[in-house]
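See below for the structure under consideration.
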Amino acid sequence: MSEPTGWDRRLSVVADGKGLIGHAGAVLLRKLADRTGLTAALAGVLPAGTGCGWRDRGAVVVQLAVAIVLGAVNLSDAEQLQAHHQGLFGPAVSDSTTRRTLAAMDAEVLARIAEARARVRRHVWSLLCLRPGGFPWLTVAGKHLHRWIVIDMDATIITAASKKEGASATWKKTFGFHPLAAWCANTGECLAMWLRTGGAGSNTVADHLRVLAAALAQVPGASTAKILVRVDGAGATHGLHEHLRDLNTMRRTVRFTTGWTITDEDEKAIARLPETAWETSVKQDGELQ
């Protein structure tokens, strides 16, 4: 067998699948933000400047989001990815410019960004309704939930490799963050997310109420909608349940489902129930159990 050439050796290095970046979809993400008006909306609420070296802050944020989707884990990664795409989106945004953009986002600016996101989402959802299939209503437990918006809330652990701002020990004995998020299951969109410290509790009522309020503010027509909120066992608190119950009005219907961790004491109590207390339940796919 002949000795591999330089090109063969390069191929053998790439073939292991390490250090590769998938760029598929990057253009679609950027164009989606531009066509729906998100880039312009962000530019309208972020600091504006003049001069040949000034970068549009709306485009800076959108390009950072695209870089994160592609796998960037820091601002240097984001700059390198943007340099790779400069033929499509223009010169790369420096890590220092991106950092200054993020540093300018105080509570007031973040509130304006949330309002801009809600306006754009209302426009996008109106376009979804015009599709041949209409808005993506879900089927849950075998029942088609027409005109119901389904919101899923959950927290996750994000580890940090170094002592970053807000990072701390987590309940899983790791180090990093414990963000809490709310997602629209109909469309797969992240409605709201709160970056919490690693030591944040899993079932802290105040945290759930904060993220839920931010998520509802993103739902078009939330004051008159039919909404189903789904939370895992972390949502099994009296405070959250009572708040969800009180969200019901003459114009809005709110239903919820939460998990519950069964303890040994629960098992003993369940075992004492008579057979006549049991009823048929429904599985996720609607099949009777």
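In the structure tokens, each chain is lettered A, B, ... as it comes, each chain's residues begin at 1, and ligands are numbered from 1 in order of appearance.
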Residues at most 7 Å from Ala182 in chain A, counting only C-alpha atoms, excluding those fewer than 5 positions away in the same chain, as a list of chain:residue names?
A:Ile151, A:Asp152, A:Met153, A:Asp154, A:Cys190, A:Leu191, A:Ala192, A:Met193, A:Val211, A:Leu212, A:Ala215
As an mmCIF file with N, CA, C and O atoms, in the first residue's frame, please: all residues of range 8-127 of chain A that backbone DSSP puts in helix (DSSP H, G or I).
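selection-v3.cif written:
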data_model
loop_
_atom_site.group_PDB
_atom_site.id
_atom_site.type_symbol
_atom_site.label_atom_id
_atom_site.label_comp_id
_atom_site.auth_asym_id
_atom_site.auth_seq_id
_atom_site.Cartn_x
_atom_site.Cartn_y
_atom_site.Cartn_z
ATOM 1 N N ASP A 8 -4.647 13.040 1.590
ATOM 2 C CA ASP A 8 -5.227 11.889 2.290
ATOM 3 C C ASP A 8 -5.146 12.081 3.797
ATOM 4 O O ASP A 8 -6.071 11.745 4.534
ATOM 5 N N ARG A 9 -4.005 12.610 4.259
ATOM 6 C CA ARG A 9 -3.850 12.814 5.701
ATOM 7 C C ARG A 9 -4.819 13.871 6.200
ATOM 8 O O ARG A 9 -5.386 13.748 7.290
ATOM 9 N N ARG A 10 -5.038 14.918 5.407
ATOM 10 C CA ARG A 10 -6.006 15.936 5.813
ATOM 11 C C ARG A 10 -7.411 15.348 5.894
ATOM 12 O O ARG A 10 -8.181 15.662 6.807
ATOM 13 N N LEU A 11 -7.747 14.485 4.960
ATOM 14 C CA LEU A 11 -9.052 13.853 4.989
ATOM 15 C C LEU A 11 -9.214 12.982 6.222
ATOM 16 O O LEU A 11 -10.265 12.949 6.852
ATOM 17 N N SER A 12 -8.152 12.280 6.610
ATOM 18 C CA SER A 12 -8.248 11.404 7.770
ATOM 19 C C SER A 12 -8.450 12.203 9.045
ATOM 20 O O SER A 12 -9.100 11.750 9.981
ATOM 21 N N VAL A 13 -7.922 13.436 9.093
ATOM 22 C CA VAL A 13 -8.112 14.282 10.262
ATOM 23 C C VAL A 13 -9.555 14.777 10.345
ATOM 24 O O VAL A 13 -10.180 14.783 11.403
ATOM 25 N N VAL A 14 -10.102 15.183 9.203
ATOM 26 C CA VAL A 14 -11.464 15.713 9.173
ATOM 27 C C VAL A 14 -12.484 14.603 9.422
ATOM 28 O O VAL A 14 -13.522 14.830 10.038
ATOM 29 N N ALA A 26 -27.892 28.770 8.555
ATOM 30 C CA ALA A 26 -27.488 30.081 9.057
ATOM 31 C C ALA A 26 -28.114 31.211 8.245
ATOM 32 O O ALA A 26 -28.603 32.193 8.800
ATOM 33 N N VAL A 27 -28.111 31.066 6.934
ATOM 34 C CA VAL A 27 -28.679 32.103 6.077
ATOM 35 C C VAL A 27 -30.184 32.213 6.299
ATOM 36 O O VAL A 27 -30.742 33.315 6.374
ATOM 37 N N LEU A 28 -30.852 31.066 6.458
ATOM 38 C CA LEU A 28 -32.299 31.085 6.679
ATOM 39 C C LEU A 28 -32.644 31.792 7.985
ATOM 40 O O LEU A 28 -33.624 32.546 8.051
ATOM 41 N N LEU A 29 -31.856 31.552 9.027
ATOM 42 C CA LEU A 29 -32.116 32.208 10.309
ATOM 43 C C LEU A 29 -31.987 33.721 10.187
ATOM 44 O O LEU A 29 -32.844 34.481 10.673
ATOM 45 N N ARG A 30 -30.903 34.173 9.553
ATOM 46 C CA ARG A 30 -30.690 35.608 9.405
ATOM 47 C C ARG A 30 -31.781 36.221 8.528
ATOM 48 O O ARG A 30 -32.345 37.285 8.850
ATOM 49 N N LYS A 31 -32.115 35.566 7.423
ATOM 50 C CA LYS A 31 -33.138 36.098 6.530
ATOM 51 C C LYS A 31 -34.512 36.095 7.198
ATOM 52 O O LYS A 31 -35.327 36.991 6.967
ATOM 53 N N LEU A 32 -34.767 35.086 8.031
ATOM 54 C CA LEU A 32 -36.036 35.049 8.748
ATOM 55 C C LEU A 32 -36.165 36.261 9.673
ATOM 56 O O LEU A 32 -37.211 36.907 9.722
ATOM 57 N N ALA A 33 -35.086 36.575 10.389
ATOM 58 C CA ALA A 33 -35.105 37.736 11.285
ATOM 59 C C ALA A 33 -35.307 39.022 10.498
ATOM 60 O O ALA A 33 -36.050 39.917 10.924
ATOM 61 N N ASP A 34 -34.666 39.113 9.336
ATOM 62 C CA ASP A 34 -34.799 40.321 8.518
ATOM 63 C C ASP A 34 -36.199 40.441 7.923
ATOM 64 O O ASP A 34 -36.825 41.511 7.980
ATOM 65 N N ARG A 35 -36.709 39.348 7.353
ATOM 66 C CA ARG A 35 -37.986 39.397 6.639
ATOM 67 C C ARG A 35 -39.169 39.600 7.588
ATOM 68 O O ARG A 35 -40.170 40.209 7.213
ATOM 69 N N THR A 36 -39.084 39.072 8.799
ATOM 70 C CA THR A 36 -40.185 39.235 9.751
ATOM 71 C C THR A 36 -40.150 40.576 10.466
ATOM 72 O O THR A 36 -41.092 40.927 11.181
ATOM 73 N N LEU A 38 -37.746 41.444 12.699
ATOM 74 C CA LEU A 38 -37.115 41.357 14.017
ATOM 75 C C LEU A 38 -35.829 42.179 14.072
ATOM 76 O O LEU A 38 -35.587 42.897 15.054
ATOM 77 N N THR A 39 -35.001 42.086 13.042
ATOM 78 C CA THR A 39 -33.744 42.836 13.041
ATOM 79 C C THR A 39 -34.001 44.333 13.146
ATOM 80 O O THR A 39 -33.365 45.033 13.952
ATOM 81 N N ALA A 40 -34.939 44.831 12.368
ATOM 82 C CA ALA A 40 -35.263 46.255 12.409
ATOM 83 C C ALA A 40 -35.889 46.642 13.737
ATOM 84 O O ALA A 40 -35.622 47.728 14.277
ATOM 85 N N ALA A 41 -36.729 45.765 14.295
ATOM 86 C CA ALA A 41 -37.371 46.064 15.577
ATOM 87 C C ALA A 41 -36.341 46.168 16.691
ATOM 88 O O ALA A 41 -36.426 47.049 17.555
ATOM 89 N N LEU A 42 -35.356 45.289 16.688
ATOM 90 C CA LEU A 42 -34.299 45.347 17.692
ATOM 91 C C LEU A 42 -33.461 46.604 17.516
ATOM 92 O O LEU A 42 -33.069 47.247 18.500
ATOM 93 N N ALA A 43 -33.180 46.968 16.271
ATOM 94 C CA ALA A 43 -32.406 48.182 16.015
ATOM 95 C C ALA A 43 -33.138 49.410 16.537
ATOM 96 O O ALA A 43 -32.506 50.387 16.966
ATOM 97 N N GLY A 44 -34.464 49.355 16.557
ATOM 98 C CA GLY A 44 -35.242 50.497 17.002
ATOM 99 C C GLY A 44 -35.242 50.703 18.505
ATOM 100 O O GLY A 44 -35.561 51.803 18.976
ATOM 101 N N VAL A 45 -34.887 49.668 19.277
ATOM 102 C CA VAL A 45 -34.907 49.798 20.736
ATOM 103 C C VAL A 45 -33.516 49.761 21.348
ATOM 104 O O VAL A 45 -33.354 50.039 22.543
ATOM 105 N N ARG A 57 -27.010 47.782 15.870
ATOM 106 C CA ARG A 57 -27.102 46.919 17.045
ATOM 107 C C ARG A 57 -28.126 45.797 16.864
ATOM 108 O O ARG A 57 -27.980 44.720 17.446
ATOM 109 N N GLY A 58 -29.164 46.035 16.072
ATOM 110 C CA GLY A 58 -30.103 44.963 15.795
ATOM 111 C C GLY A 58 -29.432 43.812 15.067
ATOM 112 O O GLY A 58 -29.621 42.638 15.408
ATOM 113 N N ALA A 59 -28.626 44.138 14.059
ATOM 114 C CA ALA A 59 -27.904 43.108 13.309
ATOM 115 C C ALA A 59 -26.870 42.417 14.188
ATOM 116 O O ALA A 59 -26.622 41.210 14.047
ATOM 117 N N VAL A 60 -26.257 43.158 15.120
ATOM 118 C CA VAL A 60 -25.270 42.566 16.027
ATOM 119 C C VAL A 60 -25.915 41.462 16.867
ATOM 120 O O VAL A 60 -25.376 40.358 17.008
ATOM 121 N N VAL A 61 -27.094 41.755 17.422
ATOM 122 C CA VAL A 61 -27.775 40.775 18.268
ATOM 123 C C VAL A 61 -28.226 39.568 17.448
ATOM 124 O O VAL A 61 -28.069 38.416 17.877
ATOM 125 N N VAL A 62 -28.769 39.804 16.260
ATOM 126 C CA VAL A 62 -29.238 38.705 15.418
ATOM 127 C C VAL A 62 -28.068 37.821 14.994
ATOM 128 O O VAL A 62 -28.155 36.585 15.038
ATOM 129 N N GLN A 63 -26.958 38.428 14.602
ATOM 130 C CA GLN A 63 -25.799 37.639 14.195
ATOM 131 C C GLN A 63 -25.230 36.839 15.363
ATOM 132 O O GLN A 63 -24.740 35.723 15.191
ATOM 133 N N LEU A 64 -25.286 37.406 16.559
ATOM 134 C CA LEU A 64 -24.836 36.666 17.744
ATOM 135 C C LEU A 64 -25.729 35.453 17.974
ATOM 136 O O LEU A 64 -25.239 34.357 18.282
ATOM 137 N N ALA A 65 -27.048 35.627 17.810
ATOM 138 C CA ALA A 65 -27.973 34.514 17.977
ATOM 139 C C ALA A 65 -27.691 33.416 16.959
ATOM 140 O O ALA A 65 -27.700 32.220 17.290
ATOM 141 N N VAL A 66 -27.428 33.799 15.719
ATOM 142 C CA VAL A 66 -27.106 32.818 14.682
ATOM 143 C C VAL A 66 -25.832 32.060 15.050
ATOM 144 O O VAL A 66 -25.753 30.836 14.909
ATOM 145 N N ALA A 67 -24.831 32.782 15.552
ATOM 146 C CA ALA A 67 -23.571 32.146 15.933
ATOM 147 C C ALA A 67 -23.776 31.154 17.074
ATOM 148 O O ALA A 67 -23.172 30.076 17.098
ATOM 149 N N ILE A 68 -24.628 31.508 18.025
ATOM 150 C CA ILE A 68 -24.903 30.605 19.146
ATOM 151 C C ILE A 68 -25.575 29.328 18.644
ATOM 152 O O ILE A 68 -25.245 28.219 19.076
ATOM 153 N N VAL A 69 -26.509 29.474 17.714
ATOM 154 C CA VAL A 69 -27.172 28.306 17.137
ATOM 155 C C VAL A 69 -26.159 27.398 16.461
ATOM 156 O O VAL A 69 -26.251 26.165 16.523
ATOM 157 N N LEU A 75 -17.710 34.963 22.863
ATOM 158 C CA LEU A 75 -17.736 36.027 21.859
ATOM 159 C C LEU A 75 -16.649 35.853 20.806
ATOM 160 O O LEU A 75 -16.824 36.270 19.656
ATOM 161 N N SER A 76 -15.542 35.246 21.174
ATOM 162 C CA SER A 76 -14.488 34.986 20.184
ATOM 163 C C SER A 76 -14.969 33.989 19.134
ATOM 164 O O SER A 76 -14.712 34.154 17.934
ATOM 165 N N ASP A 77 -15.672 32.950 19.593
ATOM 166 C CA ASP A 77 -16.254 31.990 18.648
ATOM 167 C C ASP A 77 -17.214 32.697 17.694
ATOM 168 O O ASP A 77 -17.219 32.448 16.489
ATOM 169 N N ALA A 78 -18.045 33.579 18.266
ATOM 170 C CA ALA A 78 -19.032 34.284 17.447
ATOM 171 C C ALA A 78 -18.350 35.131 16.377
ATOM 172 O O ALA A 78 -18.793 35.187 15.222
ATOM 173 N N GLU A 79 -17.261 35.805 16.752
ATOM 174 C CA GLU A 79 -16.546 36.639 15.786
ATOM 175 C C GLU A 79 -15.957 35.790 14.666
ATOM 176 O O GLU A 79 -16.018 36.162 13.483
ATOM 177 N N GLN A 80 -15.396 34.639 15.022
ATOM 178 C CA GLN A 80 -14.799 33.772 14.007
ATOM 179 C C GLN A 80 -15.858 33.223 13.050
ATOM 180 O O GLN A 80 -15.631 33.158 11.838
ATOM 181 N N LEU A 81 -17.016 32.839 13.580
ATOM 182 C CA LEU A 81 -18.078 32.343 12.716
ATOM 183 C C LEU A 81 -18.585 33.430 11.778
ATOM 184 O O LEU A 81 -18.870 33.180 10.607
ATOM 185 N N GLN A 82 -18.702 34.652 12.292
ATOM 186 C CA GLN A 82 -19.159 35.751 11.459
ATOM 187 C C GLN A 82 -18.125 36.100 10.389
ATOM 188 O O GLN A 82 -18.490 36.511 9.280
ATOM 189 N N ALA A 83 -16.860 35.936 10.711
ATOM 190 C CA ALA A 83 -15.823 36.160 9.703
ATOM 191 C C ALA A 83 -15.970 35.159 8.555
ATOM 192 O O ALA A 83 -15.742 35.488 7.384
ATOM 193 N N HIS A 84 -16.390 33.956 8.906
ATOM 194 C CA HIS A 84 -16.599 32.931 7.884
ATOM 195 C C HIS A 84 -17.780 33.305 6.977
ATOM 196 O O HIS A 84 -17.801 32.957 5.793
ATOM 197 N N GLN A 86 -18.792 36.478 6.268
ATOM 198 C CA GLN A 86 -18.772 37.894 5.902
ATOM 199 C C GLN A 86 -19.130 38.142 4.441
ATOM 200 O O GLN A 86 -19.622 39.221 4.088
ATOM 201 N N GLY A 87 -18.961 37.138 3.598
ATOM 202 C CA GLY A 87 -19.386 37.287 2.214
ATOM 203 C C GLY A 87 -20.896 37.376 2.079
ATOM 204 O O GLY A 87 -21.406 37.899 1.090
ATOM 205 N N LEU A 88 -21.624 36.886 3.084
ATOM 206 C CA LEU A 88 -23.080 36.913 3.069
ATOM 207 C C LEU A 88 -23.649 38.071 3.868
ATOM 208 O O LEU A 88 -24.599 38.727 3.439
ATOM 209 N N PHE A 89 -23.071 38.319 5.054
ATOM 210 C CA PHE A 89 -23.657 39.285 5.984
ATOM 211 C C PHE A 89 -22.780 40.498 6.257
ATOM 212 O O PHE A 89 -23.106 41.306 7.108
ATOM 213 N N ASP A 95 -15.598 41.045 18.924
ATOM 214 C CA ASP A 95 -16.084 40.596 20.226
ATOM 215 C C ASP A 95 -16.290 41.780 21.175
ATOM 216 O O ASP A 95 -17.206 41.777 22.001
ATOM 217 N N SER A 96 -15.480 42.823 21.035
ATOM 218 C CA SER A 96 -15.636 43.994 21.906
ATOM 219 C C SER A 96 -16.928 44.750 21.598
ATOM 220 O O SER A 96 -17.623 45.226 22.504
ATOM 221 N N THR A 97 -17.286 44.855 20.297
ATOM 222 C CA THR A 97 -18.542 45.517 19.925
ATOM 223 C C THR A 97 -19.736 44.732 20.446
ATOM 224 O O THR A 97 -20.701 45.308 20.961
ATOM 225 N N THR A 98 -19.675 43.402 20.323
ATOM 226 C CA THR A 98 -20.765 42.570 20.832
ATOM 227 C C THR A 98 -20.884 42.706 22.339
ATOM 228 O O THR A 98 -21.993 42.799 22.880
ATOM 229 N N ARG A 99 -19.752 42.755 23.018
ATOM 230 C CA ARG A 99 -19.778 42.896 24.474
ATOM 231 C C ARG A 99 -20.403 44.233 24.887
ATOM 232 O O ARG A 99 -21.208 44.288 25.817
ATOM 233 N N ARG A 100 -20.044 45.312 24.191
ATOM 234 C CA ARG A 100 -20.630 46.617 24.511
ATOM 235 C C ARG A 100 -22.141 46.622 24.254
ATOM 236 O O ARG A 100 -22.910 47.237 24.999
ATOM 237 N N THR A 101 -22.568 45.914 23.205
ATOM 238 C CA THR A 101 -23.996 45.823 22.912
ATOM 239 C C THR A 101 -24.735 45.123 24.042
ATOM 240 O O THR A 101 -25.793 45.578 24.498
ATOM 241 N N LEU A 102 -24.182 44.028 24.526
ATOM 242 C CA LEU A 102 -24.816 43.288 25.614
ATOM 243 C C LEU A 102 -24.774 44.085 26.911
ATOM 244 O O LEU A 102 -25.740 44.056 27.692
ATOM 245 N N ALA A 103 -23.687 44.789 27.150
ATOM 246 C CA ALA A 103 -23.554 45.565 28.390
ATOM 247 C C ALA A 103 -24.573 46.697 28.462
ATOM 248 O O ALA A 103 -24.936 47.147 29.554
ATOM 249 N N ALA A 107 -32.311 46.824 32.507
ATOM 250 C CA ALA A 107 -33.695 46.368 32.662
ATOM 251 C C ALA A 107 -34.647 47.098 31.718
ATOM 252 O O ALA A 107 -35.567 46.498 31.144
ATOM 253 N N GLU A 108 -34.422 48.401 31.530
ATOM 254 C CA GLU A 108 -35.294 49.176 30.652
ATOM 255 C C GLU A 108 -35.168 48.726 29.206
ATOM 256 O O GLU A 108 -36.166 48.581 28.494
ATOM 257 N N VAL A 109 -33.937 48.504 28.754
ATOM 258 C CA VAL A 109 -33.723 48.067 27.372
ATOM 259 C C VAL A 109 -34.294 46.664 27.164
ATOM 260 O O VAL A 109 -34.923 46.373 26.137
ATOM 261 N N LEU A 110 -34.099 45.784 28.142
ATOM 262 C CA LEU A 110 -34.636 44.431 28.017
ATOM 263 C C LEU A 110 -36.156 44.447 27.932
ATOM 264 O O LEU A 110 -36.757 43.636 27.211
ATOM 265 N N ALA A 111 -36.790 45.357 28.654
ATOM 266 C CA ALA A 111 -38.253 45.474 28.571
ATOM 267 C C ALA A 111 -38.679 45.908 27.176
ATOM 268 O O ALA A 111 -39.679 45.410 26.630
ATOM 269 N N ARG A 112 -37.934 46.840 26.577
ATOM 270 C CA ARG A 112 -38.261 47.283 25.214
ATOM 271 C C ARG A 112 -38.015 46.164 24.206
ATOM 272 O O ARG A 112 -38.765 46.026 23.230
ATOM 273 N N ILE A 113 -36.976 45.366 24.438
ATOM 274 C CA ILE A 113 -36.710 44.228 23.555
ATOM 275 C C ILE A 113 -37.864 43.229 23.629
ATOM 276 O O ILE A 113 -38.313 42.692 22.608
ATOM 277 N N ALA A 114 -38.367 42.984 24.838
ATOM 278 C CA ALA A 114 -39.490 42.058 25.000
ATOM 279 C C ALA A 114 -40.712 42.562 24.250
ATOM 280 O O ALA A 114 -41.439 41.789 23.606
ATOM 281 N N GLU A 115 -40.975 43.862 24.307
ATOM 282 C CA GLU A 115 -42.110 44.438 23.585
ATOM 283 C C GLU A 115 -41.926 44.290 22.072
ATOM 284 O O GLU A 115 -42.885 43.993 21.340
ATOM 285 N N ALA A 116 -40.695 44.493 21.612
ATOM 286 C CA ALA A 116 -40.421 44.342 20.179
ATOM 287 C C ALA A 116 -40.614 42.899 19.738
ATOM 288 O O ALA A 116 -41.186 42.621 18.673
ATOM 289 N N ARG A 117 -40.151 41.973 20.542
ATOM 290 C CA ARG A 117 -40.332 40.546 20.227
ATOM 291 C C ARG A 117 -41.809 40.194 20.149
ATOM 292 O O ARG A 117 -42.238 39.441 19.269
ATOM 293 N N ALA A 118 -42.606 40.732 21.075
ATOM 294 C CA ALA A 118 -44.041 40.437 21.074
ATOM 295 C C ALA A 118 -44.705 40.968 19.814
ATOM 296 O O ALA A 118 -45.590 40.314 19.240
ATOM 297 N N ARG A 119 -44.309 42.175 19.366
ATOM 298 C CA ARG A 119 -44.893 42.742 18.142
ATOM 299 C C ARG A 119 -44.568 41.878 16.935
ATOM 300 O O ARG A 119 -45.431 41.599 16.100
ATOM 301 N N VAL A 120 -43.301 41.456 16.844
ATOM 302 C CA VAL A 120 -42.896 40.628 15.705
ATOM 303 C C VAL A 120 -43.588 39.269 15.766
ATOM 304 O O VAL A 120 -44.029 38.734 14.735
ATOM 305 N N ARG A 121 -43.710 38.702 16.960
ATOM 306 C CA ARG A 121 -44.359 37.392 17.096
ATOM 307 C C ARG A 121 -45.833 37.478 16.673
ATOM 308 O O ARG A 121 -46.358 36.568 16.029
ATOM 309 N N ARG A 122 -46.499 38.575 17.007
ATOM 310 C CA ARG A 122 -47.892 38.736 16.594
ATOM 311 C C ARG A 122 -47.996 38.717 15.071
ATOM 312 O O ARG A 122 -48.913 38.100 14.501
ATOM 313 N N HIS A 123 -47.049 39.372 14.411
ATOM 314 C CA HIS A 123 -47.039 39.389 12.942
ATOM 315 C C HIS A 123 -46.774 37.991 12.389
ATOM 316 O O HIS A 123 -47.471 37.541 11.457
ATOM 317 N N VAL A 124 -45.794 37.285 12.963
ATOM 318 C CA VAL A 124 -45.451 35.949 12.472
ATOM 319 C C VAL A 124 -46.614 34.983 12.685
ATOM 320 O O VAL A 124 -46.937 34.180 11.792
ATOM 321 N N TRP A 125 -47.259 35.053 13.828
ATOM 322 C CA TRP A 125 -48.377 34.144 14.090
ATOM 323 C C TRP A 125 -49.550 34.426 13.149
ATOM 324 O O TRP A 125 -50.286 33.506 12.776
ATOM 325 N N SER A 126 -49.730 35.681 12.782
ATOM 326 C CA SER A 126 -50.791 35.989 11.820
ATOM 327 C C SER A 126 -50.474 35.360 10.464
ATOM 328 O O SER A 126 -51.384 34.921 9.745
ATOM 329 N N LEU A 127 -49.192 35.292 10.112
ATOM 330 C CA LEU A 127 -48.797 34.633 8.863
ATOM 331 C C LEU A 127 -48.990 33.124 8.960
ATOM 332 O O LEU A 127 -49.381 32.475 7.983
#
Near Trp260 in chain A, within 10 Å and counting only C-alpha atoms, which residues show up once chain neighbours fewer than 5 positions away are dropped, as a ChimeraX atom specification?
/A:231-237
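Relative to CA of Asp285 in chain A, CA of Ala141 in chain A is found at 5.0 Å.
You can rank A:Ala72, A:Ala181, A:Leu145, A:Thr197 by their closest distance to Lys164 in chain A using only C-alpha atoms, and at the top of that list sits A:Thr197.
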Please identify which residues in range 59-246 of chain A DSSP calls strand (DSSP E or B) from the backbone, and express them as a ChimeraX atom specification.
/A:138-140,143-145,148-155,158-159,168-169,175-177,180-184,189-194,197,226-231
Just-selected residues, C-alpha atoms written as a PDB file, in the first residue's frame:
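The new file again.pdb reads:
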ATOM      1  CA  LEU A 138     -51.753  20.452  19.126  1.00  0.00           C
ATOM      2  CA  THR A 139     -53.269  17.111  20.030  1.00  0.00           C
ATOM      3  CA  VAL A 140     -52.740  16.280  23.712  1.00  0.00           C
ATOM      4  CA  LYS A 143     -57.741  15.440  22.111  1.00  0.00           C
ATOM      5  CA  HIS A 144     -57.250  18.100  19.441  1.00  0.00           C
ATOM      6  CA  LEU A 145     -56.815  21.403  21.270  1.00  0.00           C
ATOM      7  CA  TRP A 148     -55.394  26.368  22.652  1.00  0.00           C
ATOM      8  CA  ILE A 149     -51.880  27.748  23.211  1.00  0.00           C
ATOM      9  CA  VAL A 150     -49.720  25.233  25.078  1.00  0.00           C
ATOM     10  CA  ILE A 151     -46.901  26.629  27.238  1.00  0.00           C
ATOM     11  CA  ASP A 152     -44.252  24.275  28.620  1.00  0.00           C
ATOM     12  CA  MET A 153     -42.101  25.450  31.530  1.00  0.00           C
ATOM     13  CA  ASP A 154     -38.885  23.756  32.572  1.00  0.00           C
ATOM     14  CA  ALA A 155     -35.463  24.479  34.032  1.00  0.00           C
ATOM     15  CA  ILE A 158     -25.878  24.678  32.053  1.00  0.00           C
ATOM     16  CA  THR A 159     -22.348  23.991  33.246  1.00  0.00           C
ATOM     17  CA  SER A 168     -22.401  28.748  41.246  1.00  0.00           C
ATOM     18  CA  ALA A 169     -22.740  25.187  42.495  1.00  0.00           C
ATOM     19  CA  PHE A 175     -21.002  24.301  38.536  1.00  0.00           C
ATOM     20  CA  GLY A 176     -22.805  26.773  36.324  1.00  0.00           C
ATOM     21  CA  PHE A 177     -26.316  28.130  35.822  1.00  0.00           C
ATOM     22  CA  LEU A 180     -35.858  28.621  33.834  1.00  0.00           C
ATOM     23  CA  ALA A 181     -37.660  28.900  30.501  1.00  0.00           C
ATOM     24  CA  ALA A 182     -41.141  28.820  28.994  1.00  0.00           C
ATOM     25  CA  TRP A 183     -41.725  27.477  25.488  1.00  0.00           C
ATOM     26  CA  CYS A 184     -44.696  27.566  23.142  1.00  0.00           C
ATOM     27  CA  GLU A 189     -40.569  29.101  20.235  1.00  0.00           C
ATOM     28  CA  CYS A 190     -38.875  30.145  23.453  1.00  0.00           C
ATOM     29  CA  LEU A 191     -41.272  32.714  24.899  1.00  0.00           C
ATOM     30  CA  ALA A 192     -39.243  33.665  27.967  1.00  0.00           C
ATOM     31  CA  MET A 193     -36.077  32.629  29.766  1.00  0.00           C
ATOM     32  CA  TRP A 194     -34.488  33.764  32.999  1.00  0.00           C
ATOM     33  CA  THR A 197     -27.549  31.188  39.258  1.00  0.00           C
ATOM     34  CA  LYS A 226     -57.278  29.474  25.872  1.00  0.00           C
ATOM     35  CA  ILE A 227     -53.998  28.456  27.488  1.00  0.00           C
ATOM     36  CA  LEU A 228     -52.667  25.149  28.783  1.00  0.00           C
ATOM     37  CA  VAL A 229     -49.581  25.380  31.014  1.00  0.00           C
ATOM     38  CA  ARG A 230     -47.503  22.219  31.521  1.00  0.00           C
ATOM     39  CA  VAL A 231     -44.809  21.980  34.200  1.00  0.00           C
TER      40      VAL A 231
END
Please provide the set of residues having any atom within 12 Å of range 271-282 of chain A, restricted to only C-alpha atoms, with same-chain residues fewer than 4 positions apart removed, written as a ChimeraX atom specification.
/A:140-143,264-267,286-289
Atoms to include: N, CA, C and O atoms. Write the selected residues as a compact mmCIF listing (two decimals), in the first residue's frame.
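So the final result, stored in out_38.txt, reads:
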# COMPACT_ATOMS: atom_id res chain seq x y z
N VAL A 140 -53.28 16.69 22.42
CA VAL A 140 -52.74 16.28 23.71
C VAL A 140 -53.67 15.24 24.32
O VAL A 140 -54.88 15.46 24.40
N ALA A 141 -53.10 14.11 24.73
CA ALA A 141 -53.88 13.01 25.32
C ALA A 141 -55.04 12.61 24.42
O ALA A 141 -56.15 12.33 24.87
N GLY A 142 -54.77 12.61 23.11
CA GLY A 142 -55.76 12.18 22.14
C GLY A 142 -56.83 13.20 21.81
O GLY A 142 -57.73 12.92 21.02
N LYS A 143 -56.73 14.41 22.37
CA LYS A 143 -57.74 15.44 22.11
C LYS A 143 -57.11 16.59 21.35
O LYS A 143 -56.08 17.13 21.76
N ASP A 264 -42.36 7.67 49.56
CA ASP A 264 -42.80 6.45 50.23
C ASP A 264 -44.11 6.68 50.97
O ASP A 264 -44.99 5.81 51.00
N GLU A 265 -44.26 7.87 51.57
CA GLU A 265 -45.50 8.19 52.27
C GLU A 265 -46.68 8.24 51.31
O GLU A 265 -47.79 7.81 51.64
N ASP A 266 -46.43 8.77 50.11
CA ASP A 266 -47.49 8.81 49.10
C ASP A 266 -47.90 7.39 48.71
O ASP A 266 -49.10 7.08 48.56
N GLU A 267 -46.91 6.53 48.53
CA GLU A 267 -47.19 5.15 48.15
C GLU A 267 -48.06 4.46 49.19
O GLU A 267 -49.01 3.72 48.86
N GLY A 286 -53.65 9.37 24.13
CA GLY A 286 -55.10 9.30 24.17
C GLY A 286 -55.64 7.92 24.45
O GLY A 286 -56.86 7.76 24.64
N GLU A 287 -54.77 6.91 24.51
CA GLU A 287 -55.22 5.55 24.79
C GLU A 287 -55.64 5.43 26.25
O GLU A 287 -55.00 5.97 27.15
N LEU A 288 -56.75 4.68 26.49
CA LEU A 288 -57.23 4.50 27.86
C LEU A 288 -56.30 3.58 28.63
O LEU A 288 -55.79 2.59 28.09
N GLN A 289 -56.09 3.88 29.89
CA GLN A 289 -55.24 3.06 30.75
C GLN A 289 -56.03 2.65 31.99
O GLN A 289 -56.42 3.49 32.78
Considering only C-alpha atoms, state which residue in the set A:Thr261, A:Val205, A:Gly71, A:Arg255 is at the smallest distance from Leu240 in chain A.
A:Val205
How far is it from CA of Phe256 in chain A to CA of Glu242 in chain A, in Å with one decimal?
10.7 Å
Could you name the residues that touch Trp171 in chain A at 10 Å or less, counting only C-alpha atoms, but leaving out those on the same chain fewer than 2 positions away, as a PyMOL selection string?
chain A and resi 157+168-169+173-175+178+198-202
Measure the distance from CA of Thr253 in chain A to CA of Ser223 in chain A in Å and round it to one decimal.
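The value is 9.1 Å.
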